[in-house]
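Student: Just one file: coords.txt, with compact mmCIF, C-alpha atoms.
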# COMPACT_ATOMS: atom_id res chain seq x y z
CA MET A 1 49.03 16.27 -11.13
CA VAL A 2 49.30 15.84 -7.35
CA HIS A 3 52.85 15.80 -6.03
CA GLU A 4 53.87 12.54 -4.37
CA PRO A 5 54.16 13.86 -0.79
CA MET A 6 50.59 15.16 -1.04
CA ARG A 7 49.36 11.94 -2.65
CA ARG A 8 50.39 9.98 0.43
CA LEU A 9 48.32 12.26 2.66
CA ARG A 10 45.08 11.90 0.71
CA ARG A 11 41.96 10.40 2.20
CA ARG A 12 39.84 7.94 0.21
CA VAL A 13 36.65 9.20 -1.44
CA VAL A 14 33.58 7.05 -1.94
CA VAL A 15 30.13 7.41 -3.48
CA THR A 16 27.28 6.86 -1.03
CA GLY A 17 24.34 8.43 -2.85
CA TRP A 18 23.15 9.43 -6.30
CA GLY A 19 20.29 11.13 -8.06
CA ALA A 20 19.41 11.87 -11.66
CA VAL A 21 16.79 13.66 -13.72
CA THR A 22 17.22 12.87 -17.42
CA PRO A 23 15.32 12.53 -20.70
CA LEU A 24 15.23 8.78 -19.95
CA GLY A 25 13.77 8.92 -16.46
CA LEU A 26 13.17 10.90 -13.29
CA GLY A 27 15.57 8.87 -11.18
CA VAL A 28 18.76 6.84 -11.35
CA GLU A 29 17.21 3.39 -11.63
CA ASP A 30 14.66 4.48 -14.26
CA THR A 31 17.40 6.10 -16.31
CA TRP A 32 19.64 3.04 -16.00
CA ALA A 33 16.86 0.60 -16.95
CA ALA A 34 16.17 2.62 -20.09
CA MET A 35 19.86 2.65 -20.98
CA VAL A 36 20.28 -1.08 -20.54
CA ALA A 37 17.21 -1.59 -22.74
CA GLY A 38 18.71 0.73 -25.37
CA ARG A 39 15.85 3.23 -25.35
CA SER A 40 16.20 6.75 -26.71
CA GLY A 41 15.09 9.83 -24.79
CA ILE A 42 15.21 12.05 -27.86
CA GLY A 43 12.03 13.38 -29.43
CA ALA A 44 10.36 16.33 -31.10
CA ILE A 45 10.65 19.45 -28.93
CA ARG A 46 7.30 20.28 -27.35
CA SER A 47 8.07 23.09 -24.91
CA PHE A 48 8.42 25.93 -27.45
CA ASP A 49 7.88 26.76 -31.10
CA VAL A 50 10.52 25.16 -33.34
CA SER A 51 8.81 25.57 -36.69
CA ASP A 52 11.39 28.03 -38.00
CA LEU A 53 14.47 26.26 -36.57
CA ASN A 54 16.81 23.96 -38.47
CA THR A 55 16.89 21.56 -35.54
CA ARG A 56 13.53 20.68 -34.03
CA ILE A 57 14.48 17.77 -31.75
CA GLY A 58 16.01 17.48 -28.30
CA GLY A 59 16.21 15.53 -25.07
CA GLU A 60 13.53 17.14 -22.91
CA VAL A 61 12.76 15.98 -19.38
CA ARG A 62 9.17 14.70 -19.35
CA GLY A 63 6.84 14.55 -16.36
CA PHE A 64 9.06 16.28 -13.81
CA ASP A 65 7.05 17.69 -10.89
CA PRO A 66 9.05 20.18 -8.82
CA ASP A 67 6.40 20.09 -6.09
CA VAL A 68 7.72 16.64 -5.16
CA TYR A 69 10.97 18.26 -4.04
CA VAL A 70 10.38 21.89 -3.07
CA PRO A 71 7.50 24.12 -1.93
CA ARG A 72 5.62 25.96 -4.65
CA LYS A 73 6.79 29.35 -3.31
CA VAL A 74 10.35 28.23 -4.07
CA SER A 75 9.78 26.42 -7.36
CA ARG A 76 7.90 29.28 -8.98
CA ARG A 77 10.94 31.57 -8.75
CA LEU A 78 13.58 29.10 -10.02
CA ASP A 79 14.80 28.08 -13.45
CA LEU A 80 14.24 24.44 -14.38
CA TYR A 81 17.98 23.78 -14.32
CA ALA A 82 18.01 24.54 -10.57
CA LEU A 83 14.85 22.51 -9.99
CA TYR A 84 16.37 19.52 -11.78
CA ALA A 85 19.45 19.92 -9.57
CA LEU A 86 17.33 20.12 -6.42
CA GLY A 87 15.42 17.01 -7.48
CA ALA A 88 18.59 15.02 -8.16
CA ALA A 89 20.23 16.29 -4.97
CA THR A 90 17.21 15.25 -2.90
CA GLN A 91 17.37 11.78 -4.42
CA ALA A 92 21.10 11.59 -3.72
CA VAL A 93 20.85 12.70 -0.09
CA GLU A 94 17.99 10.28 0.54
CA SER A 95 19.79 7.36 -1.11
CA ALA A 96 22.88 8.11 1.01
CA LYS A 97 20.71 8.15 4.16
CA LEU A 98 22.50 11.38 4.97
CA GLU A 99 21.28 13.40 7.95
CA ILE A 100 23.00 16.76 8.18
CA ASP A 101 22.79 17.70 11.84
CA GLU A 102 24.59 20.41 13.80
CA GLY A 103 27.59 18.17 14.31
CA LEU A 104 28.04 17.53 10.59
CA ALA A 105 26.75 20.67 8.85
CA ASP A 106 30.07 22.54 8.84
CA ARG A 107 31.79 19.54 7.18
CA VAL A 108 29.30 19.18 4.29
CA GLY A 109 30.05 21.04 1.06
CA VAL A 110 28.07 21.64 -2.13
CA LEU A 111 29.68 21.85 -5.57
CA VAL A 112 27.07 21.87 -8.34
CA GLY A 113 27.95 23.39 -11.69
CA SER A 114 26.21 24.24 -14.94
CA GLY A 115 27.28 24.93 -18.48
CA TYR A 116 24.49 27.40 -19.26
CA GLY A 117 22.87 28.21 -15.93
CA ALA A 118 19.43 29.78 -15.62
CA VAL A 119 19.02 30.62 -19.31
CA SER A 120 15.22 30.24 -19.51
CA TYR A 121 14.74 32.39 -16.45
CA ASN A 122 17.05 35.08 -17.78
CA HIS A 123 15.33 35.09 -21.17
CA THR A 124 12.03 35.62 -19.37
CA VAL A 125 13.45 38.48 -17.29
CA ALA A 126 14.71 40.20 -20.44
CA ASP A 127 11.31 39.79 -22.12
CA THR A 128 9.54 41.17 -19.03
CA LEU A 129 11.85 44.17 -18.90
CA ARG A 130 11.12 45.01 -22.53
CA ALA A 131 7.40 44.46 -22.23
CA LYS A 132 6.61 45.88 -18.78
CA GLY A 133 9.57 47.95 -17.64
CA PRO A 134 11.91 47.76 -14.64
CA ARG A 135 9.26 47.79 -11.90
CA ALA A 136 8.05 44.37 -13.11
CA ILE A 137 11.41 42.68 -12.45
CA SER A 138 11.47 40.36 -9.44
CA PRO A 139 13.84 41.24 -6.60
CA PHE A 140 14.97 37.61 -6.83
CA ALA A 141 16.13 38.06 -10.44
CA GLN A 142 19.83 38.48 -9.70
CA VAL A 143 19.80 35.40 -7.45
CA ALA A 144 17.57 33.09 -9.47
CA GLY A 145 19.38 34.03 -12.68
CA ALA A 146 22.87 33.24 -11.40
CA ILE A 147 24.89 30.16 -12.24
CA ASP A 148 25.40 29.43 -8.53
CA ASN A 149 21.67 29.37 -7.86
CA ALA A 150 21.40 25.58 -7.77
CA ALA A 151 24.35 25.24 -5.39
CA GLY A 152 22.94 27.89 -3.07
CA GLU A 153 19.46 26.39 -3.06
CA ILE A 154 20.85 22.92 -2.29
CA SER A 155 23.02 24.29 0.52
CA MET A 156 20.01 26.00 2.11
CA ARG A 157 17.67 23.06 1.48
CA PHE A 158 19.88 20.62 3.42
CA GLY A 159 21.69 22.95 5.81
CA ALA A 160 25.14 22.25 4.37
CA ARG A 161 27.45 24.91 5.85
CA GLY A 162 30.77 23.82 4.34
CA PRO A 163 32.14 25.30 1.11
CA SER A 164 29.40 25.95 -1.44
CA ARG A 165 29.97 27.02 -5.02
CA ALA A 166 29.30 26.51 -8.70
CA GLN A 167 31.70 26.14 -11.57
CA SER A 168 31.30 26.10 -15.31
CA SER A 169 33.51 24.30 -17.79
CA ALA A 170 31.01 23.67 -20.58
CA CYS A 171 30.51 19.97 -21.30
CA ALA A 172 33.13 19.02 -18.68
CA THR A 173 31.26 20.75 -15.85
CA GLY A 174 29.69 17.70 -14.18
CA THR A 175 32.94 15.74 -14.22
CA ASP A 176 34.96 18.70 -12.98
CA SER A 177 32.49 19.23 -10.14
CA LEU A 178 32.87 15.64 -8.97
CA GLY A 179 36.64 15.74 -9.28
CA GLU A 180 37.08 19.02 -7.45
CA ALA A 181 34.64 17.90 -4.75
CA ALA A 182 36.75 14.77 -4.31
CA ARG A 183 39.78 17.02 -3.79
CA TRP A 184 37.96 18.83 -0.96
CA ILE A 185 37.46 15.50 0.78
CA GLN A 186 40.90 14.09 0.01
CA PHE A 187 42.65 17.06 1.59
CA GLY A 188 40.30 17.58 4.51
CA PHE A 189 38.24 20.62 3.53
CA ALA A 190 35.04 18.59 3.87
CA ASP A 191 33.92 15.11 4.89
CA VAL A 192 30.87 15.01 2.61
CA VAL A 193 30.13 16.89 -0.61
CA ILE A 194 26.91 17.03 -2.62
CA ALA A 195 28.32 17.38 -6.13
CA GLY A 196 27.36 17.25 -9.79
CA GLY A 197 25.88 19.30 -12.58
CA ALA A 198 22.61 20.46 -14.12
CA ASP A 199 21.40 22.20 -17.27
CA ASN A 200 18.20 23.11 -19.04
CA CYS A 201 19.51 24.43 -22.34
CA VAL A 202 16.76 23.02 -24.55
CA THR A 203 15.54 26.55 -25.26
CA ARG A 204 14.69 28.39 -28.43
CA CYS A 205 17.79 30.58 -28.19
CA GLU A 206 20.25 27.76 -27.46
CA ILE A 207 18.85 25.49 -30.17
CA ALA A 208 19.01 28.35 -32.66
CA GLY A 209 22.57 29.31 -31.77
CA SER A 210 24.00 25.79 -31.72
CA GLY A 211 22.08 25.03 -34.89
CA ASN A 212 23.59 28.05 -36.62
CA ALA A 213 27.00 26.76 -35.54
CA ARG A 214 26.11 23.52 -37.36
CA ALA A 215 26.82 21.54 -34.21
CA LEU A 216 23.38 19.91 -33.90
CA SER A 217 21.85 16.95 -35.69
CA VAL A 218 19.13 17.83 -38.20
CA ARG A 219 17.63 14.35 -38.32
CA ASN A 220 14.28 15.86 -37.39
CA ASP A 221 12.09 13.16 -38.90
CA GLU A 222 13.78 10.36 -36.92
CA PRO A 223 14.67 11.90 -33.55
CA GLU A 224 15.36 8.57 -31.83
CA LEU A 225 18.03 7.88 -34.48
CA ALA A 226 19.64 11.34 -34.34
CA SER A 227 22.26 10.82 -31.63
CA ARG A 228 24.64 8.23 -33.07
CA PRO A 229 28.12 8.47 -31.54
CA PHE A 230 30.92 6.69 -33.37
CA ASP A 231 28.64 5.90 -36.30
CA ALA A 232 29.73 6.81 -39.82
CA ASP A 233 26.42 8.60 -40.46
CA ARG A 234 26.49 10.93 -37.43
CA ASP A 235 25.68 14.55 -38.21
CA GLY A 236 25.86 16.40 -34.90
CA PHE A 237 24.86 16.23 -31.25
CA VAL A 238 21.39 16.48 -29.71
CA MET A 239 20.83 19.15 -27.05
CA SER A 240 19.29 17.78 -23.85
CA ALA A 241 18.39 18.76 -20.30
CA GLY A 242 18.87 17.10 -16.94
CA ALA A 243 20.83 16.80 -13.72
CA GLY A 244 23.14 14.33 -12.03
CA ILE A 245 24.20 14.56 -8.40
CA MET A 246 26.39 12.33 -6.22
CA VAL A 247 27.01 12.30 -2.50
CA LEU A 248 30.76 11.91 -2.13
CA GLU A 249 32.10 11.01 1.27
CA GLU A 250 35.34 10.31 3.08
CA ALA A 251 35.59 6.53 3.29
CA GLU A 252 36.01 6.21 7.06
CA HIS A 253 33.13 8.61 7.62
CA ALA A 254 30.89 6.49 5.39
CA LEU A 255 31.96 3.27 7.10
CA ALA A 256 31.23 4.78 10.50
CA ARG A 257 27.71 5.64 9.32
CA GLY A 258 27.23 2.05 8.15
CA VAL A 259 25.83 3.01 4.75
CA PRO A 260 26.39 1.01 1.55
CA ILE A 261 29.33 2.23 -0.51
CA LEU A 262 28.39 2.38 -4.19
CA ALA A 263 31.89 2.91 -5.62
CA GLU A 264 35.19 4.63 -4.94
CA LEU A 265 36.40 7.67 -6.88
CA ILE A 266 40.10 6.94 -7.35
CA GLY A 267 41.24 9.29 -10.10
CA TYR A 268 40.56 12.72 -11.56
CA ALA A 269 42.33 15.10 -13.89
CA ALA A 270 41.50 18.19 -15.92
CA THR A 271 43.35 19.88 -18.78
CA SER A 272 42.79 22.54 -21.43
CA ASP A 273 43.41 22.34 -25.16
CA ALA A 274 44.28 26.04 -25.45
CA HIS A 275 43.43 25.61 -29.13
CA HIS A 276 39.92 26.64 -30.30
CA TRP A 277 36.53 27.54 -28.85
CA THR A 278 34.57 24.73 -30.49
CA SER A 279 36.98 22.41 -32.28
CA PRO A 280 39.02 19.85 -30.31
CA HIS A 281 42.79 19.78 -30.66
CA PRO A 282 43.76 18.08 -33.97
CA GLU A 283 45.81 15.45 -32.11
CA GLY A 284 43.51 15.25 -29.09
CA ALA A 285 46.39 16.54 -26.96
CA GLY A 286 44.28 17.81 -24.07
CA ALA A 287 42.05 14.74 -24.01
CA LYS A 288 45.04 12.41 -23.97
CA ALA A 289 46.73 14.43 -21.24
CA ALA A 290 43.59 14.31 -19.09
CA MET A 291 43.19 10.54 -19.45
CA ARG A 292 46.85 9.91 -18.68
CA ALA A 293 46.81 12.23 -15.68
CA ALA A 294 43.64 10.60 -14.31
CA LEU A 295 45.25 7.17 -14.63
CA ASP A 296 48.32 8.49 -12.83
CA ASP A 297 46.12 10.06 -10.15
CA ALA A 298 44.48 6.68 -9.64
CA SER A 299 47.88 4.93 -9.61
CA ILE A 300 46.75 2.42 -12.21
CA GLU A 301 47.87 1.37 -15.68
CA PRO A 302 45.55 1.53 -18.71
CA ARG A 303 45.20 -2.26 -18.68
CA ALA A 304 43.41 -1.96 -15.31
CA LEU A 305 40.40 -0.33 -17.00
CA ASP A 306 37.41 -2.54 -17.71
CA TYR A 307 35.08 0.05 -19.30
CA VAL A 308 35.17 3.58 -20.71
CA ASN A 309 32.10 5.80 -20.82
CA ALA A 310 33.17 8.02 -23.71
CA HIS A 311 32.34 11.67 -24.20
CA GLY A 312 31.00 10.60 -27.61
CA THR A 313 28.63 13.41 -28.55
CA SER A 314 27.89 12.31 -32.15
CA THR A 315 29.79 15.14 -33.85
CA PRO A 316 31.83 14.21 -36.92
CA VAL A 317 35.13 15.68 -35.69
CA GLY A 318 34.80 15.16 -31.93
CA ASP A 319 34.06 11.44 -32.05
CA GLU A 320 36.90 10.72 -34.43
CA ARG A 321 39.42 12.56 -32.29
CA GLU A 322 38.23 10.90 -29.10
CA VAL A 323 38.69 7.47 -30.65
CA HIS A 324 42.21 8.49 -31.69
CA ALA A 325 42.95 9.71 -28.15
CA VAL A 326 41.56 6.61 -26.44
CA ARG A 327 43.52 4.40 -28.83
CA GLU A 328 46.76 6.21 -28.12
CA VAL A 329 46.38 6.31 -24.32
CA LEU A 330 45.12 2.75 -23.87
CA GLY A 331 47.19 1.15 -26.64
CA THR A 332 46.12 -2.37 -27.57
CA HIS A 333 43.88 -2.45 -24.49
CA ALA A 334 41.53 -0.02 -26.25
CA THR A 335 40.23 -2.82 -28.46
CA SER A 336 39.78 -5.34 -25.64
CA ILE A 337 37.28 -3.44 -23.45
CA PRO A 338 33.86 -1.87 -24.06
CA VAL A 339 33.88 1.86 -24.88
CA SER A 340 30.35 3.23 -25.18
CA SER A 341 28.53 6.54 -25.29
CA THR A 342 25.27 6.82 -23.36
CA LYS A 343 24.68 10.19 -25.03
CA SER A 344 23.28 8.06 -27.84
CA MET A 345 20.25 7.69 -25.56
CA THR A 346 20.25 10.79 -23.35
CA GLY A 347 21.57 13.28 -25.87
CA HIS A 348 24.02 15.86 -24.54
CA MET A 349 22.91 17.28 -21.18
CA ILE A 350 25.91 19.66 -21.20
CA GLY A 351 26.77 20.42 -17.54
CA ALA A 352 24.81 17.41 -16.31
CA SER A 353 26.32 14.87 -18.70
CA GLY A 354 29.57 14.14 -16.90
CA ALA A 355 27.84 13.66 -13.53
CA VAL A 356 25.18 11.36 -14.98
CA GLU A 357 27.83 9.39 -16.86
CA ALA A 358 29.90 8.95 -13.70
CA ILE A 359 26.78 7.49 -12.08
CA VAL A 360 26.44 5.22 -15.12
CA CYS A 361 29.99 3.99 -14.52
CA CYS A 362 29.05 3.10 -10.94
CA LEU A 363 25.99 1.21 -12.18
CA ALA A 364 28.06 -0.61 -14.81
CA ILE A 365 30.39 -1.71 -12.01
CA ARG A 366 27.47 -2.72 -9.78
CA ASP A 367 25.58 -4.75 -12.37
CA GLY A 368 28.40 -5.95 -14.62
CA ILE A 369 26.75 -4.39 -17.68
CA ALA A 370 28.25 -2.09 -20.29
CA PRO A 371 25.42 0.14 -21.57
CA PRO A 372 25.10 0.38 -25.35
CA THR A 373 25.86 2.98 -27.96
CA ILE A 374 22.58 2.81 -29.84
CA ASN A 375 22.40 3.80 -33.51
CA CYS A 376 26.01 2.71 -33.99
CA ASP A 377 25.22 0.78 -37.16
CA ARG A 378 28.42 1.57 -39.07
CA PRO A 379 31.21 1.97 -36.48
CA LEU A 380 33.94 4.36 -37.49
CA ASP A 381 36.54 1.97 -36.01
CA THR A 382 35.65 -1.68 -36.55
CA GLU A 383 38.29 -2.94 -34.10
CA MET A 384 36.80 -1.02 -31.16
CA ASN A 385 33.95 -2.44 -29.08
CA PHE A 386 31.51 0.47 -28.97
CA VAL A 387 28.84 -1.82 -27.45
CA ALA A 388 26.90 -1.18 -30.61
CA CYS A 389 23.11 -1.20 -30.28
CA HIS A 390 22.80 -3.66 -27.37
CA ALA A 391 24.10 -3.76 -23.78
CA GLN A 392 26.77 -6.33 -22.98
CA LYS A 393 27.62 -8.31 -19.87
CA HIS A 394 31.12 -7.56 -18.59
CA ASP A 395 32.87 -7.96 -15.26
CA ILE A 396 33.68 -4.31 -14.56
CA HIS A 397 35.88 -3.37 -11.61
CA VAL A 398 37.30 -0.07 -12.86
CA ALA A 399 35.62 2.44 -15.18
CA MET A 400 36.72 5.71 -16.76
CA SER A 401 34.37 8.55 -17.70
CA ASN A 402 35.49 11.17 -20.26
CA SER A 403 34.15 14.71 -20.68
CA PHE A 404 35.57 17.05 -23.31
CA GLY A 405 33.92 20.44 -23.75
CA PHE A 406 33.74 23.58 -25.85
CA GLY A 407 36.48 25.98 -24.87
CA GLY A 408 38.95 23.10 -24.76
CA HIS A 409 37.93 21.86 -21.30
CA ASN A 410 38.84 18.22 -20.63
CA ALA A 411 37.98 16.27 -17.49
CA VAL A 412 38.24 12.59 -16.62
CA VAL A 413 37.20 10.61 -13.54
CA ILE A 414 37.98 7.01 -12.68
CA LEU A 415 35.74 4.92 -10.42
CA ARG A 416 36.40 1.52 -8.88
CA ARG A 417 34.41 -1.19 -7.15
CA TRP A 418 34.69 -0.64 -3.42
CA ALA A 419 37.18 -2.78 -1.54
CA SER A 420 38.10 -1.84 2.02
CA ALA A 421 41.74 -2.98 1.79
Before we go any further, please render this structure as structure tokens.

Tutor:
Amino acid sequence: MVHEPMRRLRRRVVVTGWGAVTPLGLGVEDTWAAMVAGRSGIGAIRSFDVSDLNTRIGGEVRGFDPDVYVPRKVSRRLDLYALYALGAATQAVESAKLEIDEGLADRVGVLVGSGYGAVSYNHTVADTLRAKGPRAISPFAQVAGAIDNAAGEISMRFGARGPSRAQSSACATGTDSLGEAARWIQFGFADVVIAGGADNCVTRCEIAGSGNARALSVRNDEPELASRPFDADRDGFVMSAGAGIMVLEEAEHALARGVPILAELIGYAATSDAHHWTSPHPEGAGAKAAMRAALDDASIEPRALDYVNAHGTSTPVGDEREVHAVREVLGTHATSIPVSSTKSMTGHMIGASGAVEAIVCCLAIRDGIAPPTINCDRPLDTEMNFVACHAQKHDIHVAMSNSFGFGGHNAVVILRRWASA
């Protein structure tokens, strides 16, 4: 929690650009259109052999062409997670009409995280070492296989010379990246930050491991019905890939550039459960603390919220505890606003999820639409409005996005319709 004297010194942070690569689409508007229509991006995994796996479905990105964003000599040495991040970052910078010249470069930061990092690349390096020996290993291996690879590539691609780093907080990574980037701007370490998250963890190893942990859905014959947050028949989450990137900017800097402001980031908080590697706290203590602290950071009461994009992964325990936490923090207001999970359509993109879902909150504010929780046929709480199955029209000024990850990581951001006063 920010101490009051520091709070008064903070600068305002706004969103001026966004980009996304998801199982639903190769851009923000395509992804959003699919969400509003209630389409699923989950299908049978095609990129590797799944015949001996318990889970054979996932949210793969289809039709992505890295040559659209980077030269072939660059793309051929990068993991897909970094390429998805580069694609989303390019979209975000272009949508923000951001030109990073000599006068601005030192004030532009990059904070792009990942839950898993370059796992496919590193698996390939290990296979090559076993099959061909050490002389066959690329001199780029230690760079391309690092979790900061996406952040470094984005910094070099756009000439951003401010702070540049990656962070990893499992499923909370994307939200934490946005929140910490906002802090850089609020306290003057940067004027612009390219921030978000990316992951490509739909791999044979990751599906096997998470499947053995019994965390994944095994609804293999009906993949589009597998991710069903807050539904009584949910049986686990669906692993997905993707990236979400925002351009965050100091408000006066954005106004001086004359670019459209898409939303304002007004609150952020992060906590830890300090309880268990995979199971959330029995009382949702960390989740509740993060939501309350984010509301305090935004200087608003729970009744000011108009929409919550829930973490809602479709796990039996996680969904139930999130509903309990939201109920306790929002009180009676929890049953008067839409609370939906877009992971019902995208699956769980791990480090990318929080960033994409923050973009979704901005779009919900822009269009006055709460995206649905598809497959929510038997809601676990009949008093809550989970926006079951179909999108709903709502006047949304303020939206909260929740991200709660393995390891007990909890992160929450709050976004508001831009108003200059």

Student: List as an NGL selection string the residues having at least one atom at most 9 Å from position (22.3, 18.1, -35.7) as given in the file, counting all atoms listed in the file.

Tutor: :A and (54-55 or 57 or 210-211 or 214-220 or 226-227 or 234-239 or 314-315)

Student: Output C-alpha atoms of each residue in that selection to a file, as a short mmCIF file (atom, residue, chain, number, x, y, z; two decimals), keeping the file's coordinate frame.

Tutor:
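The result, stored in out-v6.cif:
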data_model
loop_
_atom_site.label_atom_id
_atom_site.label_comp_id
_atom_site.auth_asym_id
_atom_site.auth_seq_id
_atom_site.Cartn_x
_atom_site.Cartn_y
_atom_site.Cartn_z
CA ASN A 54 16.81 23.96 -38.47
CA THR A 55 16.89 21.56 -35.54
CA ILE A 57 14.48 17.77 -31.75
CA SER A 210 24.00 25.79 -31.72
CA GLY A 211 22.08 25.03 -34.89
CA ARG A 214 26.11 23.52 -37.36
CA ALA A 215 26.82 21.54 -34.21
CA LEU A 216 23.38 19.91 -33.90
CA SER A 217 21.85 16.95 -35.69
CA VAL A 218 19.13 17.83 -38.20
CA ARG A 219 17.63 14.35 -38.32
CA ASN A 220 14.28 15.86 -37.39
CA ALA A 226 19.64 11.34 -34.34
CA SER A 227 22.26 10.82 -31.63
CA ARG A 234 26.49 10.93 -37.43
CA ASP A 235 25.68 14.55 -38.21
CA GLY A 236 25.86 16.40 -34.90
CA PHE A 237 24.86 16.23 -31.25
CA VAL A 238 21.39 16.48 -29.71
CA MET A 239 20.83 19.15 -27.05
CA SER A 314 27.89 12.31 -32.15
CA THR A 315 29.79 15.14 -33.85
#

Student: Give me the residues near stretch 360-365 of chain A as a list in words, where near means some atom within 6 Å (using all atoms listed in the file) and where sequence neighbours in that chain fewer than 5 positions away do not count.

Tutor: Ala370, Ile396, His397 and Ala399 of chain A

Student: Near A:Glu252, counting all atoms listed in the file, which residues have an atom at most 9 Å away, once you skip same-chain residues fewer than 4 positions from it, shown as a list in words?

Tutor: Arg11, Arg12, Ala256 and Arg257 of chain A

Student: Using atom CA of A:Phe386 and atom CA of A:Met400 as the two end points, give the distance in Å to one decimal.

Tutor: 14.3 Å

Student: Between atom CA of A:Ile42 and atom CA of A:Thr203, measure the distance and give it in Å to one decimal.

Tutor: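 Those two atoms sit 14.7 Å apart.
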
Student: Figure out the distance between atom CA of A:His409 and atom CA of A:Cys171, please, to one decimal in Å.

Tutor: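 A separation of 7.7 Å between them.
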
Student: Leaving out A:Leu80 and any residue of its chain fewer than 6 positions from it, which residues lie within 10 Å of it when counting only C-alpha atoms, given as a count of residues only?

Tutor: 16

Student: For the point (30.6, -3.7, -0.6) in file coordinates, what residues are within 9 Å, counting only C-alpha atoms? Give the answer as a PyMOL selection string?

Tutor: chain A and resi 260-263+417-420

Student: Is it possible to get the axis-aligned box enclosing stretch 94-97 of chain A (all listed atoms, 8 Å extra per side) as lines of an AutoDock Vina configuration file, with centre and edge lengths in Å rounded to one decimal?

Tutor:
center_x = 20.4
center_y = 8.8
center_z = 1.5
size_x = 20.9
size_y = 18.9
size_z = 21.3

Student: Taking 4 positions as the minimum chain separation for residues in the same chain, which residues sit within 9 Å of A:Pro163 when counting only C-alpha atoms? Answer as a ChimeraX atom specification.

Tutor: /A:106-111,184,189-190,193

Student: If you count only C-alpha atoms, which residues fall within 9 Å of A:Pro23, apart from same-chain ones fewer than 4 positions away, as number ranges by chain?

Tutor: A: 31, 40-42, 59-62, 240-242, 345-347, 349

Student: Taking into account only C-alpha atoms, which residue in the set A:Thr342, A:Thr382, A:Ser403, A:Thr335 is nearest to A:Ala34?

Tutor: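 With only C-alpha atoms as the atom set, the closest residue is A:Thr342.
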
Student: Missing atoms in stretch 100-114 of chain A: fill them in up to N, CA and C atoms and send the result as a PDB file, in the coordinates of the input.

Tutor:
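Printed below is selection18.pdb as written:
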ATOM      1  N   ILE A 100      22.053  15.680   7.917  1.00  0.00           N
ATOM      2  CA  ILE A 100      23.000  16.760   8.180  1.00  0.00           C
ATOM      3  C   ILE A 100      22.557  17.486   9.442  1.00  0.00           C
ATOM      4  N   ASP A 101      23.134  17.087  10.566  1.00  0.00           N
ATOM      5  CA  ASP A 101      22.790  17.700  11.840  1.00  0.00           C
ATOM      6  C   ASP A 101      23.826  18.760  12.201  1.00  0.00           C
ATOM      7  N   GLU A 102      23.684  19.351  13.367  1.00  0.00           N
ATOM      8  CA  GLU A 102      24.590  20.410  13.800  1.00  0.00           C
ATOM      9  C   GLU A 102      26.035  19.941  13.859  1.00  0.00           C
ATOM     10  N   GLY A 103      26.236  18.689  14.205  1.00  0.00           N
ATOM     11  CA  GLY A 103      27.590  18.170  14.310  1.00  0.00           C
ATOM     12  C   GLY A 103      28.274  17.966  12.970  1.00  0.00           C
ATOM     13  N   LEU A 104      27.480  17.821  11.904  1.00  0.00           N
ATOM     14  CA  LEU A 104      28.040  17.530  10.590  1.00  0.00           C
ATOM     15  C   LEU A 104      27.988  18.706   9.628  1.00  0.00           C
ATOM     16  N   ALA A 105      27.060  19.640   9.842  1.00  0.00           N
ATOM     17  CA  ALA A 105      26.750  20.670   8.850  1.00  0.00           C
ATOM     18  C   ALA A 105      27.975  21.418   8.345  1.00  0.00           C
ATOM     19  N   ASP A 106      28.904  21.760   9.238  1.00  0.00           N
ATOM     20  CA  ASP A 106      30.070  22.540   8.840  1.00  0.00           C
ATOM     21  C   ASP A 106      31.056  21.740   7.988  1.00  0.00           C
ATOM     22  N   ARG A 107      30.881  20.413   7.924  1.00  0.00           N
ATOM     23  CA  ARG A 107      31.790  19.540   7.180  1.00  0.00           C
ATOM     24  C   ARG A 107      31.154  19.028   5.885  1.00  0.00           C
ATOM     25  N   VAL A 108      29.984  19.585   5.522  1.00  0.00           N
ATOM     26  CA  VAL A 108      29.300  19.180   4.290  1.00  0.00           C
ATOM     27  C   VAL A 108      29.372  20.325   3.288  1.00  0.00           C
ATOM     28  N   GLY A 109      29.943  20.039   2.107  1.00  0.00           N
ATOM     29  CA  GLY A 109      30.050  21.040   1.060  1.00  0.00           C
ATOM     30  C   GLY A 109      29.072  20.779  -0.079  1.00  0.00           C
ATOM     31  N   VAL A 110      28.907  21.759  -0.934  1.00  0.00           N
ATOM     32  CA  VAL A 110      28.070  21.640  -2.130  1.00  0.00           C
ATOM     33  C   VAL A 110      28.865  22.197  -3.308  1.00  0.00           C
ATOM     34  N   LEU A 111      29.011  21.398  -4.352  1.00  0.00           N
ATOM     35  CA  LEU A 111      29.680  21.850  -5.570  1.00  0.00           C
ATOM     36  C   LEU A 111      28.867  21.358  -6.770  1.00  0.00           C
ATOM     37  N   VAL A 112      27.979  22.213  -7.243  1.00  0.00           N
ATOM     38  CA  VAL A 112      27.070  21.870  -8.340  1.00  0.00           C
ATOM     39  C   VAL A 112      27.224  22.911  -9.441  1.00  0.00           C
ATOM     40  N   GLY A 113      27.685  22.480 -10.598  1.00  0.00           N
ATOM     41  CA  GLY A 113      27.950  23.390 -11.690  1.00  0.00           C
ATOM     42  C   GLY A 113      26.919  23.326 -12.796  1.00  0.00           C
ATOM     43  N   SER A 114      27.102  24.182 -13.796  1.00  0.00           N
ATOM     44  CA  SER A 114      26.210  24.240 -14.940  1.00  0.00           C
ATOM     45  C   SER A 114      26.949  24.852 -16.116  1.00  0.00           C
TER      46      SER A 114
END
